[in-house]
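See below for run14.cif, which holds mmCIF, C-alpha atoms and all ligand atoms.
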data_entry
loop_
_atom_site.group_PDB
_atom_site.id
_atom_site.type_symbol
_atom_site.label_atom_id
_atom_site.label_comp_id
_atom_site.auth_asym_id
_atom_site.auth_seq_id
_atom_site.Cartn_x
_atom_site.Cartn_y
_atom_site.Cartn_z
ATOM 1 C CA MET M 1 -34.572 -17.351 45.551
ATOM 2 C CA THR M 2 -31.419 -16.191 43.800
ATOM 3 C CA PHE M 3 -29.287 -13.304 44.988
ATOM 4 C CA GLU M 4 -26.029 -11.590 44.043
ATOM 5 C CA ASN M 5 -24.419 -11.170 47.468
ATOM 6 C CA ILE M 6 -25.753 -14.102 49.445
ATOM 7 C CA ILE M 7 -26.769 -17.700 48.845
ATOM 8 C CA ALA M 8 -30.100 -18.699 50.397
ATOM 9 C CA GLU M 9 -30.888 -22.414 50.599
ATOM 10 C CA LYS M 10 -33.577 -24.555 52.180
ATOM 11 C CA LYS M 11 -32.089 -27.756 53.563
ATOM 12 C CA GLY M 12 -35.043 -29.690 54.957
ATOM 13 C CA ALA M 13 -36.342 -27.669 57.908
ATOM 14 C CA VAL M 14 -33.256 -25.434 58.017
ATOM 15 C CA GLY M 15 -32.895 -22.209 56.039
ATOM 16 C CA VAL M 16 -29.254 -21.324 55.398
ATOM 17 C CA ILE M 17 -27.986 -17.878 54.410
ATOM 18 C CA THR M 18 -24.355 -17.747 53.259
ATOM 19 C CA PHE M 19 -22.795 -14.311 52.689
ATOM 20 C CA ASN M 20 -21.107 -14.364 49.301
ATOM 21 C CA ARG M 21 -18.856 -11.349 48.621
ATOM 22 C CA PRO M 22 -15.479 -13.077 48.925
ATOM 23 C CA HIS M 23 -13.604 -10.271 47.103
ATOM 24 C CA ALA M 24 -14.589 -7.891 49.945
ATOM 25 C CA LEU M 25 -14.291 -10.432 52.783
ATOM 26 C CA ASN M 26 -18.137 -10.478 52.841
ATOM 27 C CA ALA M 27 -18.263 -6.802 53.901
ATOM 28 C CA PHE M 28 -21.906 -5.850 54.373
ATOM 29 C CA CYS M 29 -22.922 -3.479 51.584
ATOM 30 C CA ALA M 30 -26.527 -2.237 51.452
ATOM 31 C CA ALA M 31 -27.419 -4.731 48.716
ATOM 32 C CA LEU M 32 -26.166 -7.661 50.824
ATOM 33 C CA MET M 33 -28.203 -6.509 53.805
ATOM 34 C CA ASP M 34 -31.320 -5.998 51.636
ATOM 35 C CA GLU M 35 -30.932 -9.512 50.254
ATOM 36 C CA THR M 36 -30.419 -10.932 53.746
ATOM 37 C CA THR M 37 -33.626 -9.217 54.877
ATOM 38 C CA ARG M 38 -35.556 -10.684 51.931
ATOM 39 C CA ALA M 39 -34.196 -14.180 52.585
ATOM 40 C CA LEU M 40 -35.091 -13.915 56.287
ATOM 41 C CA ASP M 41 -38.614 -12.726 55.393
ATOM 42 C CA ASP M 42 -38.986 -15.767 53.137
ATOM 43 C CA PHE M 43 -37.688 -18.223 55.775
ATOM 44 C CA GLU M 44 -39.882 -16.696 58.467
ATOM 45 C CA SER M 45 -43.031 -16.992 56.346
ATOM 46 C CA ASP M 46 -42.342 -20.600 55.276
ATOM 47 C CA ASP M 47 -43.853 -23.048 57.797
ATOM 48 C CA ALA M 48 -41.521 -25.804 56.578
ATOM 49 C CA ILE M 49 -38.499 -23.815 57.832
ATOM 50 C CA ARG M 50 -38.042 -24.119 61.585
ATOM 51 C CA VAL M 51 -34.474 -22.922 62.158
ATOM 52 C CA ILE M 52 -32.245 -20.439 60.316
ATOM 53 C CA VAL M 53 -28.443 -20.585 59.992
ATOM 54 C CA VAL M 54 -26.416 -17.518 59.009
ATOM 55 C CA THR M 55 -22.832 -18.069 57.891
ATOM 56 C CA GLY M 56 -20.064 -16.606 55.772
ATOM 57 C CA GLY M 57 -18.744 -20.004 54.687
ATOM 58 C CA ASP M 58 -15.506 -21.635 55.792
ATOM 59 C CA LYS M 59 -13.070 -18.697 55.319
ATOM 60 C CA VAL M 60 -14.602 -15.477 56.626
ATOM 61 C CA PHE M 61 -17.860 -14.548 58.344
ATOM 62 C CA ALA M 62 -17.715 -10.819 57.512
ATOM 63 C CA ALA M 63 -15.181 -7.991 57.824
ATOM 64 C CA GLY M 64 -17.898 -5.584 58.924
ATOM 65 C CA ALA M 65 -19.942 -2.902 57.227
ATOM 66 C CA ASP M 66 -18.682 -1.909 53.777
ATOM 67 C CA ILE M 67 -16.240 0.915 54.558
ATOM 68 C CA LYS M 68 -15.906 1.944 50.911
ATOM 69 C CA GLU M 69 -19.671 2.385 50.622
ATOM 70 C CA MET M 70 -20.024 4.444 53.801
ATOM 71 C CA ALA M 71 -16.787 6.474 53.841
ATOM 72 C CA GLU M 72 -18.265 9.534 52.106
ATOM 73 C CA LYS M 73 -21.651 9.550 53.816
ATOM 74 C CA THR M 74 -22.662 12.664 55.772
ATOM 75 C CA PHE M 75 -24.705 12.846 58.939
ATOM 76 C CA VAL M 76 -27.693 13.875 56.834
ATOM 77 C CA ASP M 77 -27.264 10.800 54.592
ATOM 78 C CA THR M 78 -27.037 8.396 57.518
ATOM 79 C CA PHE M 79 -29.906 9.999 59.434
ATOM 80 C CA ARG M 80 -32.224 10.319 56.451
ATOM 81 C CA GLU M 81 -31.768 6.748 55.250
ATOM 82 C CA ASP M 82 -31.805 5.333 58.819
ATOM 83 C CA PHE M 83 -28.430 3.781 58.069
ATOM 84 C CA ILE M 84 -27.767 0.394 59.739
ATOM 85 C CA THR M 85 -31.334 0.136 60.965
ATOM 86 C CA LYS M 86 -33.964 -0.715 58.391
ATOM 87 C CA ASN M 87 -32.201 -3.671 56.774
ATOM 88 C CA TRP M 88 -29.789 -4.660 59.576
ATOM 89 C CA GLU M 89 -32.055 -5.419 62.488
ATOM 90 C CA ARG M 90 -34.238 -7.967 60.696
ATOM 91 C CA VAL M 91 -32.127 -10.773 62.180
ATOM 92 C CA ALA M 92 -32.856 -9.587 65.700
ATOM 93 C CA ARG M 93 -36.605 -9.583 64.930
ATOM 94 C CA CYS M 94 -36.736 -13.209 63.735
ATOM 95 C CA ARG M 95 -39.117 -15.332 65.790
ATOM 96 C CA LYS M 96 -37.575 -18.606 64.614
ATOM 97 C CA PRO M 97 -34.229 -19.625 66.150
ATOM 98 C CA VAL M 98 -31.244 -18.181 64.266
ATOM 99 C CA ILE M 99 -27.743 -19.653 64.630
ATOM 100 C CA ALA M 100 -24.580 -17.833 63.516
ATOM 101 C CA ALA M 101 -21.869 -20.213 62.223
ATOM 102 C CA VAL M 102 -18.656 -18.199 62.268
ATOM 103 C CA ALA M 103 -15.293 -19.043 60.671
ATOM 104 C CA GLY M 104 -12.470 -16.566 60.131
ATOM 105 C CA TYR M 105 -12.913 -12.815 60.549
ATOM 106 C CA CYS M 106 -16.062 -11.701 62.335
ATOM 107 C CA LEU M 107 -15.436 -7.982 62.649
ATOM 108 C CA GLY M 108 -17.399 -4.816 63.312
ATOM 109 C CA GLY M 109 -20.862 -5.188 61.799
ATOM 110 C CA GLY M 110 -20.095 -8.890 61.260
ATOM 111 C CA ASN M 111 -19.705 -9.389 64.985
ATOM 112 C CA GLU M 112 -22.742 -7.212 65.634
ATOM 113 C CA LEU M 113 -24.887 -9.269 63.268
ATOM 114 C CA SER M 114 -23.663 -12.531 64.797
ATOM 115 C CA MET M 115 -24.693 -11.168 68.211
ATOM 116 C CA MET M 116 -28.212 -10.464 66.843
ATOM 117 C CA CYS M 117 -28.484 -14.220 66.226
ATOM 118 C CA ASP M 118 -29.606 -16.451 69.102
ATOM 119 C CA PHE M 119 -26.230 -18.069 69.584
ATOM 120 C CA ILE M 120 -22.853 -18.266 67.906
ATOM 121 C CA LEU M 121 -21.061 -21.478 66.928
ATOM 122 C CA ALA M 122 -17.446 -20.794 66.011
ATOM 123 C CA ALA M 123 -14.716 -22.526 64.063
ATOM 124 C CA ASP M 124 -11.329 -22.567 65.765
ATOM 125 C CA THR M 125 -10.251 -20.096 63.044
ATOM 126 C CA ALA M 126 -12.781 -17.453 64.129
ATOM 127 C CA LYS M 127 -11.569 -13.996 65.102
ATOM 128 C CA PHE M 128 -13.917 -11.484 66.685
ATOM 129 C CA SER M 129 -13.462 -7.752 67.037
ATOM 130 C CA GLN M 130 -15.083 -4.315 67.076
ATOM 131 C CA PRO M 131 -12.389 -2.427 65.132
ATOM 132 C CA GLU M 132 -14.422 0.741 64.450
ATOM 133 C CA ILE M 133 -12.179 2.750 66.798
ATOM 134 C CA THR M 134 -9.303 2.199 64.358
ATOM 135 C CA ILE M 135 -11.251 3.938 61.568
ATOM 136 C CA GLY M 136 -12.363 6.922 63.598
ATOM 137 C CA THR M 137 -15.808 5.832 64.691
ATOM 138 C CA LEU M 138 -17.589 3.414 66.997
ATOM 139 C CA PRO M 139 -19.766 0.307 66.630
ATOM 140 C CA GLY M 140 -23.110 1.331 65.144
ATOM 141 C CA ALA M 141 -25.105 -1.891 64.993
ATOM 142 C CA GLY M 142 -25.286 -2.730 68.670
ATOM 143 C CA GLY M 143 -21.643 -3.604 69.415
ATOM 144 C CA THR M 144 -21.296 -1.482 72.527
ATOM 145 C CA GLN M 145 -24.616 -2.778 73.862
ATOM 146 C CA ARG M 146 -24.865 -6.471 72.980
ATOM 147 C CA LEU M 147 -21.153 -7.182 73.516
ATOM 148 C CA THR M 148 -21.311 -5.562 76.957
ATOM 149 C CA ARG M 149 -24.285 -7.689 77.936
ATOM 150 C CA LEU M 150 -22.563 -10.849 76.680
ATOM 151 C CA VAL M 151 -18.997 -10.445 77.982
ATOM 152 C CA GLY M 152 -19.335 -7.776 80.686
ATOM 153 C CA LYS M 153 -18.228 -4.150 80.829
ATOM 154 C CA SER M 154 -14.501 -4.574 81.343
ATOM 155 C CA LYS M 155 -13.893 -6.877 78.390
ATOM 156 C CA ALA M 156 -16.350 -5.079 76.096
ATOM 157 C CA MET M 157 -14.731 -1.760 76.907
ATOM 158 C CA GLU M 158 -11.235 -3.117 76.298
ATOM 159 C CA LEU M 159 -12.290 -4.698 72.973
ATOM 160 C CA CYS M 160 -14.130 -1.594 71.723
ATOM 161 C CA LEU M 161 -11.384 0.805 72.834
ATOM 162 C CA THR M 162 -8.469 -1.164 71.372
ATOM 163 C CA GLY M 163 -10.152 -2.830 68.385
ATOM 164 C CA ARG M 164 -8.060 -5.955 69.017
ATOM 165 C CA MET M 165 -9.090 -9.375 67.770
ATOM 166 C CA MET M 166 -10.225 -12.123 70.119
ATOM 167 C CA ASP M 167 -9.781 -15.751 69.080
ATOM 168 C CA ALA M 168 -12.452 -18.454 69.360
ATOM 169 C CA VAL M 169 -11.130 -19.918 72.620
ATOM 170 C CA GLU M 170 -11.172 -16.532 74.340
ATOM 171 C CA ALA M 171 -14.590 -15.749 72.840
ATOM 172 C CA GLU M 172 -16.039 -18.980 74.230
ATOM 173 C CA ARG M 173 -14.447 -18.381 77.636
ATOM 174 C CA ALA M 174 -15.882 -14.843 77.658
ATOM 175 C CA GLY M 175 -19.414 -16.018 76.871
ATOM 176 C CA LEU M 176 -19.681 -14.571 73.352
ATOM 177 C CA VAL M 177 -19.610 -17.988 71.693
ATOM 178 C CA ALA M 178 -21.682 -21.037 72.657
ATOM 179 C CA ARG M 179 -19.362 -23.731 71.254
ATOM 180 C CA VAL M 180 -16.145 -24.049 69.221
ATOM 181 C CA PHE M 181 -15.484 -26.732 66.579
ATOM 182 C CA PRO M 182 -12.534 -27.567 64.335
ATOM 183 C CA ALA M 183 -12.995 -25.483 61.180
ATOM 184 C CA ALA M 184 -13.574 -28.535 58.984
ATOM 185 C CA ASP M 185 -16.487 -29.645 61.203
ATOM 186 C CA LEU M 186 -18.235 -26.304 61.732
ATOM 187 C CA MET M 187 -21.017 -26.599 59.146
ATOM 188 C CA ALA M 188 -21.740 -30.282 59.794
ATOM 189 C CA GLU M 189 -21.946 -29.645 63.549
ATOM 190 C CA THR M 190 -24.064 -26.527 62.982
ATOM 191 C CA MET M 191 -26.513 -28.448 60.784
ATOM 192 C CA LYS M 192 -26.742 -31.234 63.391
ATOM 193 C CA ILE M 193 -27.623 -28.692 66.076
ATOM 194 C CA ALA M 194 -30.052 -26.841 63.771
ATOM 195 C CA GLU M 195 -31.781 -30.101 62.798
ATOM 196 C CA LYS M 196 -32.095 -31.122 66.429
ATOM 197 C CA ILE M 197 -33.787 -27.808 67.305
ATOM 198 C CA ALA M 198 -35.952 -28.139 64.176
ATOM 199 C CA SER M 199 -37.205 -31.525 65.412
ATOM 200 C CA PHE M 200 -38.814 -29.926 68.500
ATOM 201 C CA SER M 201 -42.131 -28.101 68.694
ATOM 202 C CA PRO M 202 -41.738 -24.847 66.765
ATOM 203 C CA LEU M 203 -44.140 -23.257 69.238
ATOM 204 C CA ALA M 204 -41.948 -24.297 72.154
ATOM 205 C CA THR M 205 -38.737 -23.112 70.454
ATOM 206 C CA MET M 206 -40.296 -19.696 69.766
ATOM 207 C CA MET M 207 -41.484 -19.491 73.369
ATOM 208 C CA VAL M 208 -38.009 -20.403 74.671
ATOM 209 C CA LYS M 209 -36.507 -17.717 72.467
ATOM 210 C CA GLU M 210 -38.961 -15.033 73.603
ATOM 211 C CA SER M 211 -38.455 -15.991 77.211
ATOM 212 C CA VAL M 212 -34.633 -16.012 77.158
ATOM 213 C CA ASN M 213 -34.602 -12.696 75.288
ATOM 214 C CA ARG M 214 -36.934 -11.242 77.919
ATOM 215 C CA ALA M 215 -34.144 -11.693 80.470
ATOM 216 C CA TYR M 216 -32.322 -8.818 78.744
ATOM 217 C CA GLU M 217 -35.239 -6.448 78.868
ATOM 218 C CA THR M 218 -36.779 -6.698 82.298
ATOM 219 C CA THR M 219 -36.387 -7.375 86.028
ATOM 220 C CA LEU M 220 -35.985 -10.914 87.381
ATOM 221 C CA ALA M 221 -39.493 -10.893 88.909
ATOM 222 C CA GLU M 222 -41.114 -9.776 85.639
ATOM 223 C CA GLY M 223 -38.984 -12.177 83.611
ATOM 224 C CA LEU M 224 -40.011 -15.075 85.844
ATOM 225 C CA ARG M 225 -43.671 -14.084 85.546
ATOM 226 C CA PHE M 226 -43.333 -13.911 81.731
ATOM 227 C CA GLU M 227 -41.663 -17.335 81.625
ATOM 228 C CA ARG M 228 -44.331 -18.859 83.912
ATOM 229 C CA ARG M 229 -47.183 -17.522 81.744
ATOM 230 C CA LEU M 230 -45.612 -18.907 78.558
ATOM 231 C CA PHE M 231 -45.041 -22.213 80.355
ATOM 232 C CA HIS M 232 -48.743 -22.252 81.287
ATOM 233 C CA ALA M 233 -49.672 -21.280 77.703
ATOM 234 C CA SER M 234 -47.682 -24.218 76.327
ATOM 235 C CA PHE M 235 -50.245 -26.527 77.986
ATOM 236 C CA SER M 236 -52.814 -25.286 75.470
ATOM 237 C CA THR M 237 -50.799 -26.737 72.559
ATOM 238 C CA GLN M 238 -51.134 -30.182 70.960
ATOM 239 C CA ASP M 239 -47.333 -30.326 70.919
ATOM 240 C CA GLN M 240 -47.139 -30.293 74.738
ATOM 241 C CA LYS M 241 -49.671 -33.155 74.908
ATOM 242 C CA GLU M 242 -47.791 -35.082 72.213
ATOM 243 C CA GLY M 243 -44.377 -34.499 73.842
ATOM 244 C CA MET M 244 -45.459 -35.665 77.276
ATOM 245 C CA GLU M 245 -47.560 -38.583 75.975
ATOM 246 C CA ALA M 246 -44.635 -39.757 73.847
ATOM 247 C CA PHE M 247 -42.392 -39.694 76.911
ATOM 248 C CA VAL M 248 -44.879 -41.763 78.922
ATOM 249 C CA GLU M 249 -45.382 -44.218 76.021
ATOM 250 C CA LYS M 250 -41.592 -44.444 75.472
ATOM 251 C CA ARG M 251 -41.749 -43.375 71.807
ATOM 252 C CA LYS M 252 -40.367 -40.484 69.771
ATOM 253 C CA ALA M 253 -42.627 -37.410 69.746
ATOM 254 C CA SER M 254 -43.909 -36.007 66.487
ATOM 255 C CA PHE M 255 -44.433 -32.253 66.827
ATOM 256 C CA LYS M 256 -46.829 -30.478 64.462
ATOM 257 C CA GLY M 257 -46.533 -26.862 65.563
ATOM 258 C CA LYS M 258 -50.138 -26.884 66.799
HETATM 259 N N1 LIG M 301 -15.377 -2.828 53.832
HETATM 260 C C1 LIG M 301 -15.050 -2.795 52.523
HETATM 261 N N2 LIG M 301 -14.074 -3.566 51.972
HETATM 262 C C2 LIG M 301 -13.387 -4.371 52.819
HETATM 263 C C3 LIG M 301 -13.654 -4.440 54.191
HETATM 264 C C4 LIG M 301 -14.721 -3.630 54.703
HETATM 265 N N3 LIG M 301 -15.104 -3.678 55.989
HETATM 266 N N4 LIG M 301 -12.796 -5.319 54.761
HETATM 267 C C5 LIG M 301 -12.025 -5.784 53.772
HETATM 268 N N5 LIG M 301 -12.374 -5.212 52.588
HETATM 269 C C6 LIG M 301 -11.788 -5.441 51.269
HETATM 270 C C7 LIG M 301 -10.408 -4.792 51.156
HETATM 271 O O1 LIG M 301 -10.532 -3.411 50.864
HETATM 272 C C8 LIG M 301 -9.773 -5.601 50.051
HETATM 273 O O2 LIG M 301 -10.314 -5.157 48.825
HETATM 274 P P1 LIG M 301 -9.320 -4.867 47.570
HETATM 275 O O3 LIG M 301 -8.752 -6.237 47.247
HETATM 276 O O4 LIG M 301 -10.226 -4.330 46.517
HETATM 277 O O5 LIG M 301 -8.274 -3.925 48.056
HETATM 278 C C9 LIG M 301 -10.350 -7.001 50.298
HETATM 279 O O6 LIG M 301 -11.505 -6.826 51.085
HETATM 280 C C10 LIG M 301 -9.377 -7.891 51.071
HETATM 281 O O7 LIG M 301 -9.028 -7.212 52.260
HETATM 282 P P2 LIG M 301 -7.487 -6.960 52.703
HETATM 283 O O8 LIG M 301 -6.616 -6.863 51.517
HETATM 284 O O9 LIG M 301 -7.489 -5.804 53.664
HETATM 285 O O10 LIG M 301 -7.198 -8.339 53.449
HETATM 286 P P3 LIG M 301 -6.159 -8.595 54.624
HETATM 287 O O11 LIG M 301 -6.137 -10.076 54.800
HETATM 288 O O12 LIG M 301 -4.882 -7.892 54.385
HETATM 289 O O13 LIG M 301 -6.822 -7.911 55.939
HETATM 290 C C11 LIG M 301 -8.614 -7.439 57.462
HETATM 291 C C12 LIG M 301 -8.028 -8.425 56.454
HETATM 292 C C13 LIG M 301 -7.732 -7.339 58.704
HETATM 293 C C14 LIG M 301 -9.997 -7.971 57.871
HETATM 294 C C15 LIG M 301 -8.753 -6.031 56.812
HETATM 295 O O14 LIG M 301 -9.395 -6.176 55.558
HETATM 296 C C16 LIG M 301 -9.576 -5.049 57.619
HETATM 297 O O15 LIG M 301 -9.061 -4.497 58.596
HETATM 298 N N6 LIG M 301 -10.828 -4.782 57.210
HETATM 299 C C17 LIG M 301 -11.670 -3.777 57.833
HETATM 300 C C18 LIG M 301 -12.224 -4.256 59.153
HETATM 301 C C19 LIG M 301 -13.054 -3.170 59.796
HETATM 302 O O16 LIG M 301 -12.588 -2.105 60.160
HETATM 303 N N7 LIG M 301 -14.362 -3.465 59.973
HETATM 304 C C20 LIG M 301 -15.296 -2.542 60.596
HETATM 305 C C21 LIG M 301 -16.101 -1.849 59.567
HETATM 306 S S1 LIG M 301 -17.077 -0.541 60.261
HETATM 307 C C22 LIG M 301 -18.467 -1.290 60.860
HETATM 308 O O17 LIG M 301 -18.642 -2.477 60.760
HETATM 309 C C23 LIG M 301 -19.444 -0.327 61.499
HETATM 310 C C24 LIG M 301 -20.568 -0.958 62.214
HETATM 311 O O18 LIG M 301 -20.597 -0.971 63.418
HETATM 312 C C25 LIG M 301 -21.704 -1.488 61.497
#
Show how you would write the structure in this file as structure tokens.
Amino acid sequence: MTFENIIAEKKGAVGVITFNRPHALNAFCAALMDETTRALDDFESDDAIRVIVVTGGDKVFAAGADIKEMAEKTFVDTFREDFITKNWERVARCRKPVIAAVAGYCLGGGNELSMMCDFILAADTAKFSQPEITIGTLPGAGGTQRLTRLVGKSKAMELCLTGRMMDAVEAERAGLVARVFPAADLMAETMKIAEKIASFSPLATMMVKESVNRAYETTLAEGLRFERRLFHASFSTQDQKEGMEAFVEKRKASFKGK
């Protein structure tokens, strides 16, 4: 598929979306978000794709929602068009694992979108912030909610109230970022991790994802019950039989997603 604001590529079992509006530091205009939604729909419906990577390339992830596009909107405009909902939350609804590979600025809606992914891998050049306070508003794509769950109230509050930037080391220490790599290695390391996940049972990876995400939505007792039932359900799959037989026979498992 060809797009104007993103590049969507299939690299073996990994679908890669690269934001491509360098003149606007990859700011998320409506067209970019529509294209991202279409690319995600395509990756999700393609059985050959098992993992998705979202990146802005090696210079900038994204400087947030497109301020020029939204500056003149009224309440009625935003409410009527369900602004920052219909085409933004597709990432959070993906059932396949989604990795954010972040280099450079990851601001506002950029940070919010990276937090909708399953985990964030960062270059040592990455800078994270929720700067909406500096332009007279507040995060509108989950920043106050997901950031608080990831880094805790005190740090989320300080970041959202000051709009300051946090570097990759601090972001990893705070729990926002899973791992940090030298900028030159970010994409190679991301692809290695994506390919490793893609080599496992796609049923098991989707079950892991559902189960970890459940931890955000429910009590510990209910979350444990949900995990246990999915664990039991995994025993109905050929992939569980293959994985355990391969271990016993000391060979590499071949997972079919069945
Ligand atoms: N929207 C639209 N255009 C943007 C943009 C944005 N979020 N961020 C940068 N740009 C544009 C600039 O206007 C500039 O365009 P021109 O060359 O046509 O003037 C170009 O990208 C390069 O930017 P700068 O010249 O500003 O580059 P810089 O290196 O001096 O500064 C920066 C970089 C600190 C990231 C600065 O661009 C900046 O502060 N950007 C805005 C960040 C921001 O406030 N993001 C939050 C947006 S609101 C949001 O995301 C709401 C939400 O919750 C969904």
Spell out the residues picked by the PyMOL selection byres (((not hetatm)) within 9 of (chain M and resi 301)) here, as a PyMOL selection string. chain M and resi 21-29+60+62-70+84+88+105-113+129-135+137-143+163
To test the calculation: enclose all listed atoms of segment 84-90 of chain M in a box whose edges run along x, y and z, add 6 Å on each side, then state centre and edge lengths in Å to one decimal, as AutoDock Vina command-line options.
--center_x -31.0 --center_y -3.8 --center_z 59.6 --size_x 18.5 --size_y 20.4 --size_z 17.7
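With atom CA of Val51 of chain M on one side and atom CA of Glu9 of chain M on the other, the separation reads 12.1 Å.
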Shortest interatomic distance to Glu189 of chain M - which of M:Ile99, M:Leu176, M:Phe79, M:Gln145, counting all atoms listed in the file: M:Ile99
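Shell of segment 170-172 of chain M at 12 Å, with all atoms listed in the file counted and residues fewer than 4 places along the chain excluded, is Val102, Cys106, Asn111, Phe119, Ile120, Leu121, Ala122, Ala123, Asp124, Thr125, Ala126, Lys127, Phe128, Ser129, Leu147, Leu150, Val151, Lys155, Ala156, Leu159, Met165, Met166, Leu176, Val177, Ala178, Arg179, Val180 and Phe181 of chain M.
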Show me the residues around (-36.4, -14.8, 55.5) - criterion: an atom at most 10 Å away, all atoms listed in the file counted - as an mmCIF file with C-alpha atoms, in the frame of the given file.
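Final output, saved to out_3.cif:
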data_model
loop_
_atom_site.group_PDB
_atom_site.id
_atom_site.type_symbol
_atom_site.label_atom_id
_atom_site.label_comp_id
_atom_site.auth_asym_id
_atom_site.auth_seq_id
_atom_site.Cartn_x
_atom_site.Cartn_y
_atom_site.Cartn_z
ATOM 1 C CA ALA M 8 -30.100 -18.699 50.397
ATOM 2 C CA GLY M 15 -32.895 -22.209 56.039
ATOM 3 C CA VAL M 16 -29.254 -21.324 55.398
ATOM 4 C CA ILE M 17 -27.986 -17.878 54.410
ATOM 5 C CA GLU M 35 -30.932 -9.512 50.254
ATOM 6 C CA THR M 36 -30.419 -10.932 53.746
ATOM 7 C CA THR M 37 -33.626 -9.217 54.877
ATOM 8 C CA ARG M 38 -35.556 -10.684 51.931
ATOM 9 C CA ALA M 39 -34.196 -14.180 52.585
ATOM 10 C CA LEU M 40 -35.091 -13.915 56.287
ATOM 11 C CA ASP M 41 -38.614 -12.726 55.393
ATOM 12 C CA ASP M 42 -38.986 -15.767 53.137
ATOM 13 C CA PHE M 43 -37.688 -18.223 55.775
ATOM 14 C CA GLU M 44 -39.882 -16.696 58.467
ATOM 15 C CA SER M 45 -43.031 -16.992 56.346
ATOM 16 C CA ASP M 46 -42.342 -20.600 55.276
ATOM 17 C CA ILE M 49 -38.499 -23.815 57.832
ATOM 18 C CA ILE M 52 -32.245 -20.439 60.316
ATOM 19 C CA ARG M 90 -34.238 -7.967 60.696
ATOM 20 C CA VAL M 91 -32.127 -10.773 62.180
ATOM 21 C CA CYS M 94 -36.736 -13.209 63.735
ATOM 22 C CA LYS M 96 -37.575 -18.606 64.614
#
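Here atom CA of Arg93 of chain M is placed at a distance of 14.8 Å from atom CA of Thr205 of chain M.
Coordinates place atom CA of Leu203 of chain M at a distance of 21.3 Å from atom CA of Val54 of chain M.
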Run the PyMOL selection byres (((chain M and resi 233-250) around 12) and not hetatm) against the file shown and list the residues it catches, as a list of chain:residue names. M:Ser199, M:Phe200, M:Ser201, M:Pro202, M:Leu203, M:Ala204, M:Thr205, M:Met206, M:Met207, M:Val208, M:Phe226, M:Glu227, M:Arg228, M:Arg229, M:Leu230, M:Phe231, M:His232, M:Arg251, M:Lys252, M:Ala253, M:Ser254, M:Phe255, M:Lys256, M:Gly257, M:Lys258
So that I can see what lies close to Ala92 of chain M, please list as a ChimeraX atom specification the residues with an atom at most 9 Å from it, counting all atoms listed in the file and leaving out residues fewer than 4 positions away in the same chain. /M:88,98,113,115-118
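Distances here use only C-alpha atoms; by that measure, the residue among M:Thr18, M:Gly12, M:Thr190, M:Val53 closest to Pro97 of chain M is M:Val53.
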Under the rule that all atoms listed in the file are counted, which of M:Lys10, M:Lys59, M:Arg214, M:Arg149 is the nearest residue to Ala183 of chain M? M:Lys59
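For the choices M:Glu72, M:Asp47, M:Asp58, M:Asp34, the atom-to-atom distance to Val14 of chain M is smallest for M:Asp47 when using all atoms listed in the file.
Among M:Asn20, M:Thr74, M:Thr55, M:Ser114, the residue with the shortest atom-to-atom distance to Glu89 of chain M, counting only C-alpha atoms, is M:Ser114.
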